[in-house]
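Everything below belongs to data18.pdb, which stores PDB, C-alpha atoms and all ligand atoms.
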```
ATOM      1  CA  MET A   1       0.000   0.000   0.000
ATOM      2  CA  ASN A   2       1.364   3.389  -0.942
ATOM      3  CA  LYS A   3       1.284   5.661   2.102
ATOM      4  CA  THR A   4       2.739   8.715   0.369
ATOM      5  CA  LYS A   5       0.619  11.783   1.109
ATOM      6  CA  LYS A   6      -0.906  13.512  -1.881
ATOM      7  CA  PRO A   7       0.954  16.822  -2.270
ATOM      8  CA  LYS A   8      -1.128  19.937  -1.673
ATOM      9  CA  PRO A   9      -1.785  21.841  -4.902
ATOM     10  CA  GLN A  10       0.450  24.900  -4.916
ATOM     11  CA  THR A  11      -0.940  28.166  -6.164
ATOM     12  CA  LYS A  12       1.611  30.339  -7.872
ATOM     13  CA  THR A  13       2.369  33.746  -6.419
ATOM     14  CA  ILE A  14       1.714  36.756  -8.651
ATOM     15  CA  ASN A  15       5.385  37.639  -9.054
ATOM     16  CA  LYS A  16       5.995  34.244 -10.701
ATOM     17  CA  MET A  17       3.131  34.634 -13.182
ATOM     18  CA  THR A  18       3.116  36.266 -16.604
ATOM     19  CA  ALA A  19       0.495  38.904 -17.420
ATOM     20  CA  GLU A  20      -1.277  36.344 -19.605
ATOM     21  CA  GLU A  21      -1.368  33.770 -16.785
ATOM     22  CA  ILE A  22      -2.813  36.405 -14.449
ATOM     23  CA  LYS A  23      -5.513  37.288 -16.982
ATOM     24  CA  GLU A  24      -6.417  33.619 -17.494
ATOM     25  CA  THR A  25      -6.822  33.195 -13.719
ATOM     26  CA  VAL A  26      -8.934  36.355 -13.516
ATOM     27  CA  LYS A  27     -11.122  34.998 -16.339
ATOM     28  CA  LYS A  28     -11.619  31.701 -14.492
ATOM     29  CA  GLY A  29     -12.582  33.589 -11.326
ATOM     30  CA  TYR A  30     -15.175  35.733 -13.076
ATOM     31  CA  ALA A  31     -16.498  32.797 -15.116
ATOM     32  CA  GLU A  32     -17.472  31.401 -11.710
ATOM     33  CA  VAL A  33     -19.026  34.698 -10.627
ATOM     34  CA  ALA A  34     -21.129  34.489 -13.813
ATOM     35  CA  THR A  35     -22.131  30.845 -13.604
ATOM     36  CA  SER A  36     -22.279  30.126  -9.853
ATOM     37  CA  PRO A  37     -22.475  33.454  -8.041
ATOM     38  CA  LYS A  38     -22.229  33.312  -4.272
ATOM     39  CA  SER A  39     -22.576  36.031  -1.745
ATOM     40  CA  CYS A  40     -19.058  36.735  -0.622
ATOM     41  CA  CYS A  41     -17.978  38.011   1.707
ATOM     42  CA  ASP A  42     -19.848  38.334   4.975
ATOM     43  CA  ALA A  43     -18.184  38.575   8.349
ATOM     44  CA  SER A  44     -17.816  34.794   8.602
ATOM     45  CA  CYS A  45     -16.361  34.373   5.159
ATOM     46  CA  ASP A  46     -12.595  34.112   4.994
ATOM     47  CA  CYS A  47     -11.822  35.752   1.686
ATOM     48  CA  TYR A  48     -10.314  38.934   0.322
ATOM     49  CA  GLU A  49     -13.497  40.536  -1.008
ATOM     50  CA  PRO A  50     -13.221  44.085   0.300
ATOM     51  CA  PHE A  51     -16.871  45.086   0.371
ATOM     52  CA  THR A  52     -19.426  42.937   2.095
ATOM     53  CA  GLY A  53     -22.433  41.381   0.437
ATOM     54  CA  GLY A  54     -21.924  40.647  -3.218
ATOM     55  CA  GLY A  55     -24.667  40.718  -5.797
ATOM     56  CA  GLU A  56     -27.953  42.206  -4.678
ATOM     57  CA  THR A  57     -26.858  43.263  -1.189
ATOM     58  CA  LEU A  58     -23.813  44.990  -2.586
ATOM     59  CA  ALA A  59     -25.765  46.793  -5.329
ATOM     60  CA  THR A  60     -28.356  48.059  -2.839
ATOM     61  CA  SER A  61     -25.673  49.238  -0.437
ATOM     62  CA  LEU A  62     -24.061  51.210  -3.270
ATOM     63  CA  GLY A  63     -27.324  53.029  -4.007
ATOM     64  CA  TYR A  64     -28.592  51.117  -7.053
ATOM     65  CA  ASN A  65     -32.332  50.960  -7.575
ATOM     66  CA  ILE A  66     -32.615  47.295  -8.573
ATOM     67  CA  GLU A  67     -36.409  47.058  -8.270
ATOM     68  CA  ASN A  68     -37.044  45.761 -11.765
ATOM     69  CA  MET A  69     -33.749  44.018 -12.329
ATOM     70  CA  PRO A  70     -33.890  40.222 -12.667
ATOM     71  CA  LYS A  71     -31.770  38.167 -10.284
ATOM     72  CA  SER A  72     -29.585  37.071 -13.199
ATOM     73  CA  VAL A  73     -28.330  40.676 -13.420
ATOM     74  CA  THR A  74     -27.853  41.463  -9.745
ATOM     75  CA  GLU A  75     -26.509  38.104  -8.523
ATOM     76  CA  SER A  76     -23.256  38.538 -10.503
ATOM     77  CA  PHE A  77     -22.788  42.234  -9.777
ATOM     78  CA  ALA A  78     -19.266  42.774  -8.438
ATOM     79  CA  GLY A  79     -18.727  46.538  -8.419
ATOM     80  CA  CYS A  80     -17.284  48.832  -5.760
ATOM     81  CA  GLY A  81     -19.199  51.997  -6.595
ATOM     82  CA  ASN A  82     -21.952  53.390  -8.777
ATOM     83  CA  PRO A  83     -20.307  55.220 -11.701
ATOM     84  CA  VAL A  84     -23.550  55.835 -13.621
ATOM     85  CA  ALA A  85     -24.935  57.786 -10.663
ATOM     86  CA  LEU A  86     -21.969  60.190 -10.949
ATOM     87  CA  SER A  87     -21.656  60.532 -14.682
ATOM     88  CA  ASN A  88     -24.642  62.694 -15.688
ATOM     89  CA  ILE A  89     -25.204  60.585 -18.812
ATOM     90  CA  LYS A  90     -27.511  62.336 -21.293
ATOM     91  CA  GLU A  91     -29.905  61.196 -24.005
ATOM     92  CA  ASN A  92     -28.275  60.147 -27.304
ATOM     93  CA  GLU A  93     -24.789  59.742 -25.811
ATOM     94  CA  ILE A  94     -22.517  56.796 -26.577
ATOM     95  CA  VAL A  95     -21.267  55.136 -23.410
ATOM     96  CA  LEU A  96     -18.544  52.511 -22.988
ATOM     97  CA  ASP A  97     -18.350  50.271 -19.898
ATOM     98  CA  LEU A  98     -14.878  48.801 -19.277
ATOM     99  CA  GLY A  99     -15.356  45.316 -17.776
ATOM    100  CA  SER A 100     -19.128  45.234 -18.055
ATOM    101  CA  GLY A 101     -19.722  41.979 -16.127
ATOM    102  CA  ALA A 102     -23.351  40.830 -16.056
ATOM    103  CA  GLY A 103     -24.510  44.268 -17.228
ATOM    104  CA  LEU A 104     -26.022  46.185 -14.286
ATOM    105  CA  ASP A 105     -24.234  49.493 -15.057
ATOM    106  CA  MET A 106     -24.913  48.995 -18.784
ATOM    107  CA  PHE A 107     -28.664  48.734 -18.214
ATOM    108  CA  MET A 108     -28.680  51.769 -15.894
ATOM    109  CA  ALA A 109     -26.834  53.763 -18.582
ATOM    110  CA  ALA A 110     -29.066  52.416 -21.371
ATOM    111  CA  LYS A 111     -32.140  53.919 -19.707
ATOM    112  CA  LYS A 112     -30.409  57.326 -19.718
ATOM    113  CA  VAL A 113     -29.150  57.393 -23.332
ATOM    114  CA  GLY A 114     -32.505  56.289 -24.774
ATOM    115  CA  ASN A 115     -33.174  54.683 -28.152
ATOM    116  CA  LYS A 116     -30.895  56.973 -30.135
ATOM    117  CA  GLY A 117     -27.966  56.507 -27.786
ATOM    118  CA  LYS A 118     -25.894  53.379 -27.310
ATOM    119  CA  VAL A 119     -24.050  51.576 -24.536
ATOM    120  CA  ILE A 120     -21.123  49.284 -25.393
ATOM    121  CA  GLY A 121     -19.679  46.883 -22.834
ATOM    122  CA  VAL A 122     -16.316  45.142 -23.146
ATOM    123  CA  ASP A 123     -15.447  42.150 -20.990
ATOM    124  CA  MET A 124     -12.838  39.412 -21.502
ATOM    125  CA  THR A 125     -14.738  36.593 -19.743
ATOM    126  CA  PRO A 126     -16.911  34.681 -22.250
ATOM    127  CA  GLU A 127     -19.311  33.467 -19.517
ATOM    128  CA  MET A 128     -19.931  37.066 -18.371
ATOM    129  CA  VAL A 129     -20.537  38.304 -21.917
ATOM    130  CA  LYS A 130     -22.960  35.424 -22.554
ATOM    131  CA  LYS A 131     -24.851  36.166 -19.343
ATOM    132  CA  ALA A 132     -24.951  39.906 -20.061
ATOM    133  CA  ARG A 133     -26.325  39.306 -23.592
ATOM    134  CA  GLU A 134     -29.028  37.015 -22.191
ATOM    135  CA  ASN A 135     -29.868  39.679 -19.601
ATOM    136  CA  ALA A 136     -30.175  42.364 -22.299
ATOM    137  CA  GLU A 137     -32.511  40.108 -24.248
ATOM    138  CA  LYS A 138     -34.591  39.397 -21.136
ATOM    139  CA  LEU A 139     -34.919  43.129 -20.397
ATOM    140  CA  GLY A 140     -35.583  44.045 -24.030
ATOM    141  CA  PHE A 141     -32.729  46.558 -24.395
ATOM    142  CA  LYS A 142     -31.937  47.247 -28.051
ATOM    143  CA  ASN A 143     -29.369  49.969 -27.378
ATOM    144  CA  VAL A 144     -26.727  47.828 -25.653
ATOM    145  CA  GLU A 145     -23.956  45.775 -27.199
ATOM    146  CA  PHE A 146     -21.578  43.463 -25.340
ATOM    147  CA  ARG A 147     -18.193  42.812 -26.947
ATOM    148  CA  LEU A 148     -15.785  40.071 -25.862
ATOM    149  CA  GLY A 149     -12.369  41.667 -25.527
ATOM    150  CA  ASP A 150      -9.528  42.960 -23.407
ATOM    151  CA  ILE A 151      -9.705  46.529 -22.132
ATOM    152  CA  GLU A 152      -5.923  46.763 -22.599
ATOM    153  CA  ASN A 153      -6.672  46.448 -26.347
ATOM    154  CA  LEU A 154     -10.173  47.843 -26.737
ATOM    155  CA  PRO A 155     -12.216  46.557 -29.695
ATOM    156  CA  VAL A 156     -13.588  50.091 -30.122
ATOM    157  CA  ASP A 157     -12.922  52.799 -32.756
ATOM    158  CA  ASP A 158     -10.824  55.903 -32.060
ATOM    159  CA  GLU A 159     -12.712  58.974 -30.755
ATOM    160  CA  SER A 160     -16.108  57.261 -30.893
ATOM    161  CA  ILE A 161     -17.247  57.439 -27.220
ATOM    162  CA  ASP A 162     -18.820  60.288 -25.183
ATOM    163  CA  VAL A 163     -18.595  58.727 -21.714
ATOM    164  CA  ILE A 164     -16.526  55.888 -20.264
ATOM    165  CA  ILE A 165     -17.625  54.173 -17.067
ATOM    166  CA  SER A 166     -15.900  51.333 -15.223
ATOM    167  CA  ASN A 167     -16.725  49.600 -11.975
ATOM    168  CA  CYS A 168     -14.044  47.690 -10.076
ATOM    169  CA  VAL A 169     -12.152  46.383 -13.095
ATOM    170  CA  ILE A 170      -8.981  48.326 -13.890
ATOM    171  CA  ASN A 171      -7.269  47.033 -10.720
ATOM    172  CA  LEU A 172      -7.487  43.610 -12.421
ATOM    173  CA  THR A 173      -5.489  44.640 -15.489
ATOM    174  CA  PRO A 174      -1.760  43.903 -15.353
ATOM    175  CA  ASP A 175      -0.951  46.999 -17.477
ATOM    176  CA  LYS A 176      -2.987  49.907 -16.080
ATOM    177  CA  PRO A 177      -1.170  52.673 -18.028
ATOM    178  CA  LYS A 178      -2.060  50.836 -21.260
ATOM    179  CA  THR A 179      -5.700  50.530 -20.176
ATOM    180  CA  PHE A 180      -5.889  54.298 -19.582
ATOM    181  CA  ARG A 181      -4.167  55.027 -22.933
ATOM    182  CA  GLU A 182      -6.805  52.871 -24.620
ATOM    183  CA  ALA A 183      -9.594  54.685 -22.768
ATOM    184  CA  TYR A 184      -8.134  57.998 -23.936
ATOM    185  CA  ARG A 185      -7.851  56.793 -27.558
ATOM    186  CA  VAL A 186     -11.525  55.822 -27.860
ATOM    187  CA  LEU A 187     -12.970  58.934 -26.148
ATOM    188  CA  LYS A 188     -14.077  61.847 -28.295
ATOM    189  CA  PRO A 189     -12.252  65.133 -27.578
ATOM    190  CA  GLY A 190     -14.019  66.630 -24.557
ATOM    191  CA  GLY A 191     -15.224  63.160 -23.505
ATOM    192  CA  ARG A 192     -15.358  62.141 -19.840
ATOM    193  CA  MET A 193     -14.499  59.092 -17.754
ATOM    194  CA  PHE A 194     -15.991  57.957 -14.411
ATOM    195  CA  VAL A 195     -14.241  55.108 -12.670
ATOM    196  CA  SER A 196     -14.939  53.311  -9.400
ATOM    197  CA  ASP A 197     -11.935  51.260  -8.462
ATOM    198  CA  ILE A 198      -9.854  49.853  -5.632
ATOM    199  CA  VAL A 199      -6.658  51.658  -4.661
ATOM    200  CA  LEU A 200      -4.180  50.909  -1.889
ATOM    201  CA  GLU A 201      -4.238  52.980   1.289
ATOM    202  CA  GLU A 202      -1.326  51.172   2.886
ATOM    203  CA  GLU A 203       1.057  48.357   2.073
ATOM    204  CA  LEU A 204      -0.619  44.948   1.959
ATOM    205  CA  PRO A 205       0.616  42.089   4.122
ATOM    206  CA  LYS A 206       3.086  39.975   2.079
ATOM    207  CA  GLU A 207       0.748  36.965   1.853
ATOM    208  CA  VAL A 208      -2.049  39.114   0.401
ATOM    209  CA  LYS A 209       0.280  41.104  -1.858
ATOM    210  CA  GLU A 210       1.553  37.926  -3.522
ATOM    211  CA  SER A 211      -1.717  36.043  -3.630
ATOM    212  CA  ILE A 212      -3.457  35.394  -6.943
ATOM    213  CA  GLU A 213      -6.718  34.840  -5.027
ATOM    214  CA  GLY A 214      -6.263  38.317  -3.564
ATOM    215  CA  TYR A 215      -5.646  39.608  -7.096
ATOM    216  CA  VAL A 216      -8.870  38.076  -8.451
ATOM    217  CA  ALA A 217     -10.720  39.577  -5.456
ATOM    218  CA  CYS A 218      -9.650  43.087  -6.612
ATOM    219  CA  VAL A 219      -7.096  43.692  -3.853
ATOM    220  CA  SER A 220      -3.568  42.552  -4.746
ATOM    221  CA  GLY A 221      -3.519  44.204  -8.192
ATOM    222  CA  ALA A 222      -4.509  47.600  -6.804
ATOM    223  CA  LEU A 223      -2.125  50.559  -7.130
ATOM    224  CA  GLU A 224      -1.496  53.300  -4.599
ATOM    225  CA  GLU A 225      -3.870  56.187  -5.261
ATOM    226  CA  GLN A 226      -1.145  58.596  -6.427
ATOM    227  CA  LYS A 227       0.236  56.047  -8.926
ATOM    228  CA  TYR A 228      -3.274  55.319 -10.191
ATOM    229  CA  LEU A 229      -4.061  59.017 -10.713
ATOM    230  CA  GLN A 230      -0.666  59.577 -12.346
ATOM    231  CA  ALA A 231      -1.331  56.761 -14.836
ATOM    232  CA  ILE A 232      -4.583  58.525 -15.825
ATOM    233  CA  LYS A 233      -2.778  61.868 -16.240
ATOM    234  CA  ASP A 234       0.091  60.251 -18.183
ATOM    235  CA  ALA A 235      -2.459  58.895 -20.673
ATOM    236  CA  GLY A 236      -3.403  62.531 -21.442
ATOM    237  CA  PHE A 237      -6.453  63.069 -19.247
ATOM    238  CA  GLU A 238      -6.919  66.399 -17.470
ATOM    239  CA  ASP A 239      -8.886  67.581 -14.442
ATOM    240  CA  VAL A 240      -8.389  64.176 -12.790
ATOM    241  CA  THR A 241     -10.348  64.282  -9.520
ATOM    242  CA  VAL A 242     -11.190  61.851  -6.735
ATOM    243  CA  ILE A 243     -14.859  62.697  -6.159
ATOM    244  CA  ASP A 244     -15.362  60.339  -3.242
ATOM    245  CA  LYS A 245     -13.755  57.405  -1.482
ATOM    246  CA  THR A 246     -14.739  54.611   0.896
ATOM    247  CA  LYS A 247     -11.992  53.093   3.002
ATOM    248  CA  SER A 248     -11.835  49.475   4.102
ATOM    249  CA  ARG A 249      -8.737  48.128   5.889
ATOM    250  CA  TYR A 250      -5.679  48.474   3.577
ATOM    251  CA  ILE A 251      -7.659  49.641   0.592
ATOM    252  CA  ALA A 252     -10.221  52.180  -0.559
ATOM    253  CA  SER A 253     -12.813  52.348  -3.287
ATOM    254  CA  ASP A 254     -12.139  55.601  -5.151
ATOM    255  CA  LYS A 255     -14.624  57.345  -7.403
ATOM    256  CA  ILE A 256     -12.594  59.200 -10.030
ATOM    257  CA  ARG A 257     -13.547  61.650 -12.774
ATOM    258  CA  ALA A 258     -11.285  62.643 -15.669
ATOM    259  CA  PHE A 259     -11.673  64.470 -18.988
ATOM    260  CA  LYS A 260     -10.072  64.201 -22.414
ATOM    261  CA  PRO A 261      -9.137  67.737 -23.457
ATOM    262  CA  LYS A 262     -11.388  69.325 -26.118
ATOM    263  CA  ASN A 263      -8.404  70.447 -28.147
ATOM    264  CA  LYS A 264      -5.743  67.798 -27.913
TER     265      LYS A 264
HETATM  266  C1  LIG A 301     -15.109  42.751 -10.299
HETATM  267  S1  LIG A 301     -15.911  42.367 -11.818
HETATM  268  C2  LIG A 301     -16.879  43.833 -12.117
HETATM  269  C3  LIG A 301     -17.912  43.634 -13.195
HETATM  270  C4  LIG A 301     -18.883  44.783 -13.385
HETATM  271  N1  LIG A 301     -18.206  46.008 -13.713
HETATM  272  C5  LIG A 301     -19.726  44.968 -12.147
HETATM  273  O1  LIG A 301     -19.646  46.051 -11.544
HETATM  274  O2  LIG A 301     -20.432  44.027 -11.776
HETATM  275  C6  LIG A 301     -14.600  42.518 -12.972
HETATM  276  C7  LIG A 301     -14.972  42.238 -14.420
HETATM  277  O3  LIG A 301     -13.926  42.735 -15.256
HETATM  278  C8  LIG A 301     -13.613  41.794 -16.254
HETATM  279  N2  LIG A 301     -12.204  41.999 -16.617
HETATM  280  C9  LIG A 301     -11.123  41.905 -15.821
HETATM  281  N3  LIG A 301      -9.997  42.213 -16.506
HETATM  282  C10 LIG A 301     -10.395  42.526 -17.767
HETATM  283  C11 LIG A 301      -9.713  42.922 -18.944
HETATM  284  N4  LIG A 301      -8.384  43.043 -18.977
HETATM  285  N5  LIG A 301     -10.439  43.166 -20.060
HETATM  286  C12 LIG A 301     -11.794  43.017 -20.056
HETATM  287  N6  LIG A 301     -12.492  42.624 -18.969
HETATM  288  C13 LIG A 301     -11.815  42.394 -17.841
HETATM  289  C14 LIG A 301     -13.928  40.452 -15.609
HETATM  290  O4  LIG A 301     -14.180  39.480 -16.579
HETATM  291  C15 LIG A 301     -15.156  40.781 -14.760
HETATM  292  O5  LIG A 301     -16.350  40.604 -15.471
END
```
Please express the file's structure as structure tokens.
Amino acid sequence: MNKTKKPKPQTKTINKMTAEEIKETVKKGYAEVATSPKSCCDASCDCYEPFTGGGETLATSLGYNIENMPKSVTESFAGCGNPVALSNIKENEIVLDLGSGAGLDMFMAAKKVGNKGKVIGVDMTPEMVKKARENAEKLGFKNVEFRLGDIENLPVDDESIDVIISNCVINLTPDKPKTFREAYRVLKPGGRMFVSDIVLEEELPKEVKESIEGYVACVSGALEEQKYLQAIKDAGFEDVTVIDKTKSRYIASDKIRAFKPKNK
């Protein structure tokens, strides 16, 4: 009889992973959020999720009116703010959501732009895009389009977007400066961007800093606020402002507004 113990599966630390390996792990994590959403994390749940609740509870706590939203939209919501509420989206505008998930922000924006406007969502996780498309169909929205793609290489034309929104996504991209350069490229001159995202308030404990699980949970990939804001400015944005922030242990959820100059 072989008494050798089965070795424990080792998870790689972030510093030993390539950007592509990190993205593949992030995709797997959010495929699960799309297909088997669970409410993480409450006080008894030992995970890295920075804001309690998940899904419906989280959306309500962030001020969303989810009265007529089917469960299939709210159960996979994983934001850390409410960018549509801040963005003063107007009728006929073209809106782009970076990392659109199951579509909650898309549908909120779609109501504001009306039939002559349009809302485009880009997400790299096929299961999320599939779920979001089914949700759009269920809700009867004709002015939304979900595209499978990477926000570091947006499948969107130059200078074609009035407003960019993004909710708890850019911290997950290995190359944040590139993501902001892409956002800048697709915005029309004078266009605006509203981002809710996680930033670091203090140095993370080593085990969290190196953990891929912590990365997928929107913590370990976060930048310090000043570095995050500088990456937005370096992409060419002006009037970069933190409108609001909610702190939670080592991190904060920042609500940030930035503009592409009218005459660039
Ligand atoms: C924390 S969830 C937020 C989803 C949505 N914004 C919401 O508030 O529910 C992060 C989402 O970003 C997507 N994502 C992460 N990195 C991405 C990338 N590089 N390009 C496109 N989508 C990405 C994931 O697939 C996932 O759907």
Quiz prompt | Contacts of ligand LIG 301 (chain A), 7 Å or closer, all atoms listed in the file, given as a PyMOL selection string | solution = chain A and resi 23+26-27+30+76-80+98-105+122-125+128+149-152+166-170+172-173+218
Quiz item: Just so the selection is clear, what residues does the PyMOL selection byres (((chain A and resi 201) around 12) and not hetatm) cover here, as number ranges by chain?
Solution: A: 198-200, 202-204, 219, 222-228, 245-254
Exercise. Please evaluate the PyMOL selection byres (((chain A and resi 243) around 6) and not hetatm) against the displayed coordinates and give the resulting residues as a list in words.
Key: Thr241, Val242, Asp244, Lys255 and Ile256 of chain A
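Nearest residue to Ser36 in chain A among A:Ala109, A:Ile94, A:Glu127, A:Gly114 is A:Glu127, counting all atoms listed in the file.
Comparing the minimum interatomic distances between Met193 in chain A and each of A:Lys206, A:Lys260, A:Arg133, A:Lys116, counting only C-alpha atoms, we find that A:Lys260 sits nearest.
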Quiz item: Which one of A:Val95, A:Ala235, A:Leu58, A:Ala183 sits closest to Val144 in chain A if you count all atoms listed in the file?
Solution: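 Under the stated criterion, the closest residue is A:Val95.
The set of protein, DNA and RNA residues with any counted atom at most 8 Å from (-23.1, 44.0, -28.7) (all atoms listed in the file) reads A:Ile120, A:Gly121, A:Arg133, A:Val144, A:Glu145, A:Phe146, A:Arg147.
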Quiz item: What is the distance, in Å and to one decimal place, between CA of Glu93 in chain A and CA of Asn115 in chain A?
Solution: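 The value is 10.1 Å.
For Asp158 in chain A, the set of protein, DNA and RNA residues having any atom at most 8 Å away, when counting all atoms listed in the file and skipping those fewer than 5 positions along the same chain, is Arg185, Val186, Leu187 and Lys188 of chain A.
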Exercise. Give the answer as one residue: which of A:Lys131, A:Lys12, A:Arg257, A:Lys178 has the shortest atom-to-atom distance to Phe237 in chain A, using only C-alpha atoms?
Key: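 Using only C-alpha atoms, Phe237 in chain A sits closest to A:Arg257.
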Quiz prompt | For CA of Gly63 in chain A and CA of Asn82 in chain A, the interatomic separation in Å (one decimal) | solution = 7.2 Å
Quiz prompt | Straight-line distance linking CA of Glu75 in chain A with CA of Ala19 in chain A, stated in Å to one decimal | solution = 28.4 Å
Exercise. Using all atoms listed in the file, pick whichever of A:Asp162, A:Asp197, A:Glu210, A:Glu182 has the shortest atom-to-atom distance to Gly236 in chain A.
Key: A:Glu182
